[in-house]
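Participant: I am sharing data34.pdb, which consists of PDB, C-alpha atoms:
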```pdb
ATOM      1  CA  MET A 973     198.738 123.110 196.312  1.00  0.00           C
ATOM      2  CA  PRO A 974     195.348 121.563 195.371  1.00  0.00           C
ATOM      3  CA  ALA A 975     195.366 118.000 194.066  1.00  0.00           C
ATOM      4  CA  ALA A 976     193.621 119.104 190.842  1.00  0.00           C
ATOM      5  CA  ALA A 977     196.602 121.270 189.945  1.00  0.00           C
ATOM      6  CA  LEU A 978     198.893 118.211 189.978  1.00  0.00           C
ATOM      7  CA  LYS A 979     196.876 116.275 187.376  1.00  0.00           C
ATOM      8  CA  PRO A 980     198.268 116.364 183.823  1.00  0.00           C
ATOM      9  CA  LYS A 981     196.050 117.884 181.138  1.00  0.00           C
ATOM     10  CA  PRO A 982     194.114 115.284 179.116  1.00  0.00           C
ATOM     11  CA  LEU A 983     194.745 114.867 175.410  1.00  0.00           C
ATOM     12  CA  PRO A 984     192.509 117.027 173.184  1.00  0.00           C
ATOM     13  CA  THR A 985     189.300 115.483 171.913  1.00  0.00           C
ATOM     14  CA  GLN A 986     187.407 116.296 168.720  1.00  0.00           C
ATOM     15  CA  SER A 987     185.567 119.125 170.460  1.00  0.00           C
ATOM     16  CA  THR A 988     188.714 120.691 171.973  1.00  0.00           C
ATOM     17  CA  ALA A 989     191.244 120.035 169.198  1.00  0.00           C
ATOM     18  CA  LYS A 990     192.602 123.011 167.247  1.00  0.00           C
ATOM     19  CA  ARG A 991     192.027 121.241 163.916  1.00  0.00           C
ATOM     20  CA  PRO A 992     189.579 118.470 162.956  1.00  0.00           C
ATOM     21  CA  VAL A 993     190.520 114.894 163.802  1.00  0.00           C
ATOM     22  CA  LEU A 994     190.696 112.739 160.674  1.00  0.00           C
ATOM     23  CA  LEU A 995     188.194 109.932 160.286  1.00  0.00           C
ATOM     24  CA  ASP A 996     189.863 106.586 160.879  1.00  0.00           C
ATOM     25  CA  LEU A 997     188.617 104.470 158.002  1.00  0.00           C
ATOM     26  CA  PRO A 998     188.347 100.696 158.421  1.00  0.00           C
ATOM     27  CA  TYR A 999     191.421  98.843 157.225  1.00  0.00           C
ATOM     28  CA  ALA A1000     189.598  95.874 155.722  1.00  0.00           C
ATOM     29  CA  PRO A1001     185.941  95.443 154.811  1.00  0.00           C
ATOM     30  CA  VAL A1002     183.850  93.186 156.996  1.00  0.00           C
ATOM     31  CA  GLU A1003     183.376  89.722 155.542  1.00  0.00           C
ATOM     32  CA  LYS A1004     179.939  89.562 153.959  1.00  0.00           C
ATOM     33  CA  ARG A1005     177.624  86.627 154.526  1.00  0.00           C
ATOM     34  CA  PRO A1006     174.596  85.764 152.408  1.00  0.00           C
ATOM     35  CA  LEU A1007     171.245  86.872 153.753  1.00  0.00           C
ATOM     36  CA  PRO A1008     168.660  84.194 154.586  1.00  0.00           C
ATOM     37  CA  ALA A1009     166.483  83.211 151.661  1.00  0.00           C
ATOM     38  CA  GLY A1010     162.708  83.200 151.566  1.00  0.00           C
ATOM     39  CA  ARG A1011     161.925  86.481 153.303  1.00  0.00           C
ATOM     40  CA  PRO A1012     159.696  89.166 151.763  1.00  0.00           C
ATOM     41  CA  ARG A1013     161.486  91.854 149.736  1.00  0.00           C
ATOM     42  CA  GLU A1014     160.599  94.538 152.295  1.00  0.00           C
ATOM     43  CA  TRP A1015     162.578  92.650 154.954  1.00  0.00           C
ATOM     44  CA  TYR A1016     165.765  92.837 152.853  1.00  0.00           C
ATOM     45  CA  VAL A1017     165.231  96.538 152.109  1.00  0.00           C
ATOM     46  CA  THR A1018     164.762  97.329 155.811  1.00  0.00           C
ATOM     47  CA  HIS A1019     167.689  95.141 156.839  1.00  0.00           C
ATOM     48  CA  ASN A1020     170.087  96.831 154.410  1.00  0.00           C
ATOM     49  CA  ARG A1021     168.789 100.274 155.411  1.00  0.00           C
ATOM     50  CA  ARG A1022     169.502  99.502 159.084  1.00  0.00           C
ATOM     51  CA  LEU A1023     173.020  98.314 158.272  1.00  0.00           C
ATOM     52  CA  LYS A1024     173.715 101.462 156.263  1.00  0.00           C
ATOM     53  CA  ALA A1025     172.310 103.702 159.011  1.00  0.00           C
ATOM     54  CA  LEU A1026     174.474 101.950 161.598  1.00  0.00           C
ATOM     55  CA  ARG A1027     177.620 102.357 159.463  1.00  0.00           C
ATOM     56  CA  LEU A1028     176.845 106.041 158.983  1.00  0.00           C
ATOM     57  CA  ALA A1029     176.104 106.607 162.682  1.00  0.00           C
ATOM     58  CA  ILE A1030     179.429 105.017 163.643  1.00  0.00           C
ATOM     59  CA  ALA A1031     181.298 107.113 161.075  1.00  0.00           C
ATOM     60  CA  LEU A1032     179.622 110.290 162.331  1.00  0.00           C
ATOM     61  CA  LEU A1033     180.478 109.471 165.931  1.00  0.00           C
ATOM     62  CA  ASP A1034     184.090 108.780 164.901  1.00  0.00           C
ATOM     63  CA  SER A1035     184.257 112.145 163.154  1.00  0.00           C
ATOM     64  CA  GLY A1036     182.995 114.053 166.205  1.00  0.00           C
ATOM     65  CA  VAL A1037     179.286 114.452 165.481  1.00  0.00           C
ATOM     66  CA  TYR A1038     177.756 113.314 168.769  1.00  0.00           C
ATOM     67  CA  LEU A1039     174.283 114.851 168.814  1.00  0.00           C
ATOM     68  CA  PRO A1040     171.393 114.161 166.420  1.00  0.00           C
ATOM     69  CA  GLY A1041     170.925 117.907 165.957  1.00  0.00           C
ATOM     70  CA  GLN A1042     174.445 118.148 164.522  1.00  0.00           C
ATOM     71  CA  ALA A1043     173.706 115.413 161.962  1.00  0.00           C
ATOM     72  CA  ARG A1044     171.874 117.281 159.220  1.00  0.00           C
ATOM     73  CA  ASP A1045     171.104 115.489 155.965  1.00  0.00           C
ATOM     74  CA  GLU A1046     174.033 117.223 154.220  1.00  0.00           C
ATOM     75  CA  THR A1047     176.435 116.068 156.945  1.00  0.00           C
ATOM     76  CA  ILE A1048     175.201 112.492 156.750  1.00  0.00           C
ATOM     77  CA  ARG A1049     175.413 112.452 152.945  1.00  0.00           C
ATOM     78  CA  SER A1050     178.938 113.893 152.918  1.00  0.00           C
ATOM     79  CA  THR A1051     179.986 111.251 155.461  1.00  0.00           C
ATOM     80  CA  ALA A1052     178.448 108.575 153.222  1.00  0.00           C
ATOM     81  CA  GLU A1053     180.554 109.834 150.338  1.00  0.00           C
ATOM     82  CA  LEU A1054     183.635 109.838 152.572  1.00  0.00           C
ATOM     83  CA  ILE A1055     183.217 106.223 153.673  1.00  0.00           C
ATOM     84  CA  GLY A1056     182.205 105.043 150.201  1.00  0.00           C
ATOM     85  CA  VAL A1057     178.509 104.188 150.435  1.00  0.00           C
ATOM     86  CA  HIS A1058     175.698 105.406 148.212  1.00  0.00           C
ATOM     87  CA  PRO A1059     173.995 108.629 149.342  1.00  0.00           C
ATOM     88  CA  PRO A1060     171.299 107.770 151.881  1.00  0.00           C
ATOM     89  CA  SER A1061     167.624 108.585 151.457  1.00  0.00           C
ATOM     90  CA  ASP A1062     165.727 110.927 153.761  1.00  0.00           C
ATOM     91  CA  THR A1063     164.389 107.869 155.597  1.00  0.00           C
ATOM     92  CA  THR A1064     167.900 106.527 156.200  1.00  0.00           C
ATOM     93  CA  CYS A1065     169.083 109.955 157.415  1.00  0.00           C
ATOM     94  CA  HIS A1066     166.167 109.972 159.868  1.00  0.00           C
ATOM     95  CA  MET A1067     167.178 106.490 161.029  1.00  0.00           C
ATOM     96  CA  VAL A1068     170.783 107.626 161.580  1.00  0.00           C
ATOM     97  CA  ARG A1069     169.597 110.447 163.837  1.00  0.00           C
ATOM     98  CA  ALA A1070     167.315 108.023 165.698  1.00  0.00           C
ATOM     99  CA  LEU A1071     170.249 105.670 166.309  1.00  0.00           C
ATOM    100  CA  MET A1072     172.327 108.549 167.656  1.00  0.00           C
ATOM    101  CA  ARG A1073     169.458 109.675 169.870  1.00  0.00           C
ATOM    102  CA  TYR A1074     168.807 106.284 171.469  1.00  0.00           C
ATOM    103  CA  SER A1075     172.451 105.319 171.971  1.00  0.00           C
ATOM    104  CA  ARG A1076     172.659 107.627 175.007  1.00  0.00           C
TER     105      ARG A1076
END
```
For the file at hand, write its structure as structure tokens.

Facilitator:
Amino acid sequence: MPAAALKPKPLPTQSTAKRPVLLDLPYAPVEKRPLPAGRPREWYVTHNRRLKALRLAIALLDSGVYLPGQARDETIRSTAELIGVHPPSDTTCHMVRALMRYSR
């Protein structure tokens, strides 16, 4: 008997499960710290946009969306609603896909 036949079957993943795996929401929000003072307004806007894009990318990966092509704007916005953040702009959606692309 081949050795591969003796291995137990692995547990199903998001892609092989019969029904969708529920998103595991964080149990407690991360403790917020004040941002450094004295920077230009554009720095704060970009910083917050990056944080939001990172949160959304993590939530998408947790829900089984692994490729940037699977993350359409509608998918990203519905995930934002699910995790309780404001709907992202087109720029933020683009940033989410870029994060997913470069994480490989």

Participant: What does the distance from CA of Ala1031 in chain A to CA of His1058 in chain A come to in Å, to one decimal?

Facilitator: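 Result for CA of Ala1031 in chain A versus CA of His1058 in chain A: 14.1 Å, one decimal.
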
Participant: What lies within 8 Å of range 1071-1073 of chain A using all atoms listed in the file, ignoring chain neighbours under 2 positions off, as a PyMOL selection string?

Facilitator: chain A and resi 1025-1026+1029+1038-1040+1067-1069+1075-1076

Participant: Pick from A:Tyr1016, A:Arg1044, A:Tyr1074, A:Gly1036: nearest to Asp1062 in chain A, with only C-alpha atoms counted?

Facilitator: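 For Asp1062 in chain A, the nearest of the given residues is A:Arg1044.
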
Participant: State, in Å with one decimal place, the distance from CA of Ser1061 in chain A to CA of Glu1046 in chain A.

Facilitator: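 Between these atoms lies a distance of 11.1 Å.
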
Participant: Quick one: pull the distance between CA of Thr1051 in chain A and CA of Trp1015 in chain A, Å, one decimal.

Facilitator: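 Computed distance, CA of Thr1051 in chain A to CA of Trp1015 in chain A, equals 25.5 Å.
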
Participant: Apply the PyMOL selection byres ((chain A and resi 1059) around 12) to the file shown and report the selected residues as a PyMOL selection string.

Facilitator: chain A and resi 1021+1024-1025+1028+1045-1058+1060-1065

Participant: Give me the box for range 1033-1038 of chain A as lines of an AutoDock Vina configuration file, namely the centre and edge lengths in Å to one decimal of a box along x, y and z that holds every listed atom plus 5 Å on each side.

Facilitator:
```
center_x = 181.0
center_y = 111.6
center_z = 166.0
size_x = 16.5
size_y = 15.7
size_z = 15.6
```

Participant: Can I get N, CA and C atoms for range 1025-1050 of chain A, as a PDB file, in the first residue's frame?

Facilitator:
```pdb
ATOM      1  N   ALA A1025      -7.078  50.037   4.745  1.00  0.00           N
ATOM      2  CA  ALA A1025      -6.801  49.057   3.692  1.00  0.00           C
ATOM      3  C   ALA A1025      -6.220  47.781   4.283  1.00  0.00           C
ATOM      4  N   LEU A1026      -5.358  47.909   5.273  1.00  0.00           N
ATOM      5  CA  LEU A1026      -4.768  46.731   5.908  1.00  0.00           C
ATOM      6  C   LEU A1026      -5.829  45.932   6.654  1.00  0.00           C
ATOM      7  N   ARG A1027      -6.708  46.614   7.396  1.00  0.00           N
ATOM      8  CA  ARG A1027      -7.801  45.915   8.090  1.00  0.00           C
ATOM      9  C   ARG A1027      -8.684  45.162   7.099  1.00  0.00           C
ATOM     10  N   LEU A1028      -9.005  45.816   5.986  1.00  0.00           N
ATOM     11  CA  LEU A1028      -9.864  45.187   4.988  1.00  0.00           C
ATOM     12  C   LEU A1028      -9.163  44.012   4.309  1.00  0.00           C
ATOM     13  N   ALA A1029      -7.877  44.150   4.015  1.00  0.00           N
ATOM     14  CA  ALA A1029      -7.139  43.048   3.393  1.00  0.00           C
ATOM     15  C   ALA A1029      -7.092  41.842   4.314  1.00  0.00           C
ATOM     16  N   ILE A1030      -6.878  42.062   5.593  1.00  0.00           N
ATOM     17  CA  ILE A1030      -6.854  40.956   6.563  1.00  0.00           C
ATOM     18  C   ILE A1030      -8.218  40.294   6.642  1.00  0.00           C
ATOM     19  N   ALA A1031      -9.282  41.096   6.686  1.00  0.00           N
ATOM     20  CA  ALA A1031     -10.632  40.535   6.754  1.00  0.00           C
ATOM     21  C   ALA A1031     -10.959  39.731   5.496  1.00  0.00           C
ATOM     22  N   LEU A1032     -10.539  40.218   4.342  1.00  0.00           N
ATOM     23  CA  LEU A1032     -10.778  39.479   3.100  1.00  0.00           C
ATOM     24  C   LEU A1032     -10.018  38.160   3.084  1.00  0.00           C
ATOM     25  N   LEU A1033      -8.775  38.189   3.529  1.00  0.00           N
ATOM     26  CA  LEU A1033      -7.994  36.955   3.584  1.00  0.00           C
ATOM     27  C   LEU A1033      -8.628  35.961   4.561  1.00  0.00           C
ATOM     28  N   ASP A1034      -9.120  36.463   5.689  1.00  0.00           N
ATOM     29  CA  ASP A1034      -9.789  35.585   6.664  1.00  0.00           C
ATOM     30  C   ASP A1034     -11.067  34.978   6.110  1.00  0.00           C
ATOM     31  N   SER A1035     -11.718  35.699   5.198  1.00  0.00           N
ATOM     32  CA  SER A1035     -12.985  35.200   4.655  1.00  0.00           C
ATOM     33  C   SER A1035     -12.783  34.340   3.405  1.00  0.00           C
ATOM     34  N   GLY A1036     -11.533  34.154   2.973  1.00  0.00           N
ATOM     35  CA  GLY A1036     -11.270  33.253   1.860  1.00  0.00           C
ATOM     36  C   GLY A1036     -11.026  33.918   0.528  1.00  0.00           C
ATOM     37  N   VAL A1037     -10.899  35.224   0.495  1.00  0.00           N
ATOM     38  CA  VAL A1037     -10.579  35.936  -0.742  1.00  0.00           C
ATOM     39  C   VAL A1037      -9.065  36.108  -0.758  1.00  0.00           C
ATOM     40  N   TYR A1038      -8.381  35.309  -1.574  1.00  0.00           N
ATOM     41  CA  TYR A1038      -6.922  35.277  -1.541  1.00  0.00           C
ATOM     42  C   TYR A1038      -6.265  36.002  -2.701  1.00  0.00           C
ATOM     43  N   LEU A1039      -6.967  36.227  -3.787  1.00  0.00           N
ATOM     44  CA  LEU A1039      -6.373  36.840  -4.960  1.00  0.00           C
ATOM     45  C   LEU A1039      -6.956  38.230  -5.191  1.00  0.00           C
ATOM     46  N   PRO A1040      -6.138  39.171  -5.666  1.00  0.00           N
ATOM     47  CA  PRO A1040      -6.647  40.523  -5.914  1.00  0.00           C
ATOM     48  C   PRO A1040      -7.784  40.543  -6.925  1.00  0.00           C
ATOM     49  N   GLY A1041      -7.779  39.618  -7.871  1.00  0.00           N
ATOM     50  CA  GLY A1041      -8.851  39.562  -8.861  1.00  0.00           C
ATOM     51  C   GLY A1041     -10.195  39.178  -8.261  1.00  0.00           C
ATOM     52  N   GLN A1042     -10.173  38.496  -7.122  1.00  0.00           N
ATOM     53  CA  GLN A1042     -11.419  38.123  -6.445  1.00  0.00           C
ATOM     54  C   GLN A1042     -11.976  39.283  -5.632  1.00  0.00           C
ATOM     55  N   ALA A1043     -11.143  40.273  -5.329  1.00  0.00           N
ATOM     56  CA  ALA A1043     -11.539  41.384  -4.461  1.00  0.00           C
ATOM     57  C   ALA A1043     -12.041  42.555  -5.304  1.00  0.00           C
ATOM     58  N   ARG A1044     -13.273  42.428  -5.795  1.00  0.00           N
ATOM     59  CA  ARG A1044     -13.880  43.547  -6.514  1.00  0.00           C
ATOM     60  C   ARG A1044     -14.320  44.604  -5.507  1.00  0.00           C
ATOM     61  N   ASP A1045     -14.612  45.791  -5.989  1.00  0.00           N
ATOM     62  CA  ASP A1045     -15.018  46.882  -5.107  1.00  0.00           C
ATOM     63  C   ASP A1045     -16.227  46.497  -4.253  1.00  0.00           C
ATOM     64  N   GLU A1046     -17.199  45.802  -4.855  1.00  0.00           N
ATOM     65  CA  GLU A1046     -18.400  45.401  -4.106  1.00  0.00           C
ATOM     66  C   GLU A1046     -18.032  44.454  -2.966  1.00  0.00           C
ATOM     67  N   THR A1047     -17.106  43.538  -3.225  1.00  0.00           N
ATOM     68  CA  THR A1047     -16.685  42.586  -2.194  1.00  0.00           C
ATOM     69  C   THR A1047     -15.986  43.307  -1.053  1.00  0.00           C
ATOM     70  N   ILE A1048     -15.127  44.250  -1.396  1.00  0.00           N
ATOM     71  CA  ILE A1048     -14.398  44.994  -0.370  1.00  0.00           C
ATOM     72  C   ILE A1048     -15.368  45.837   0.452  1.00  0.00           C
ATOM     73  N   ARG A1049     -16.332  46.470  -0.216  1.00  0.00           N
ATOM     74  CA  ARG A1049     -17.283  47.321   0.514  1.00  0.00           C
ATOM     75  C   ARG A1049     -18.218  46.502   1.398  1.00  0.00           C
ATOM     76  N   SER A1050     -18.607  45.316   0.944  1.00  0.00           N
ATOM     77  CA  SER A1050     -19.462  44.475   1.797  1.00  0.00           C
ATOM     78  C   SER A1050     -18.677  43.946   2.991  1.00  0.00           C
TER      79      SER A1050
END
```
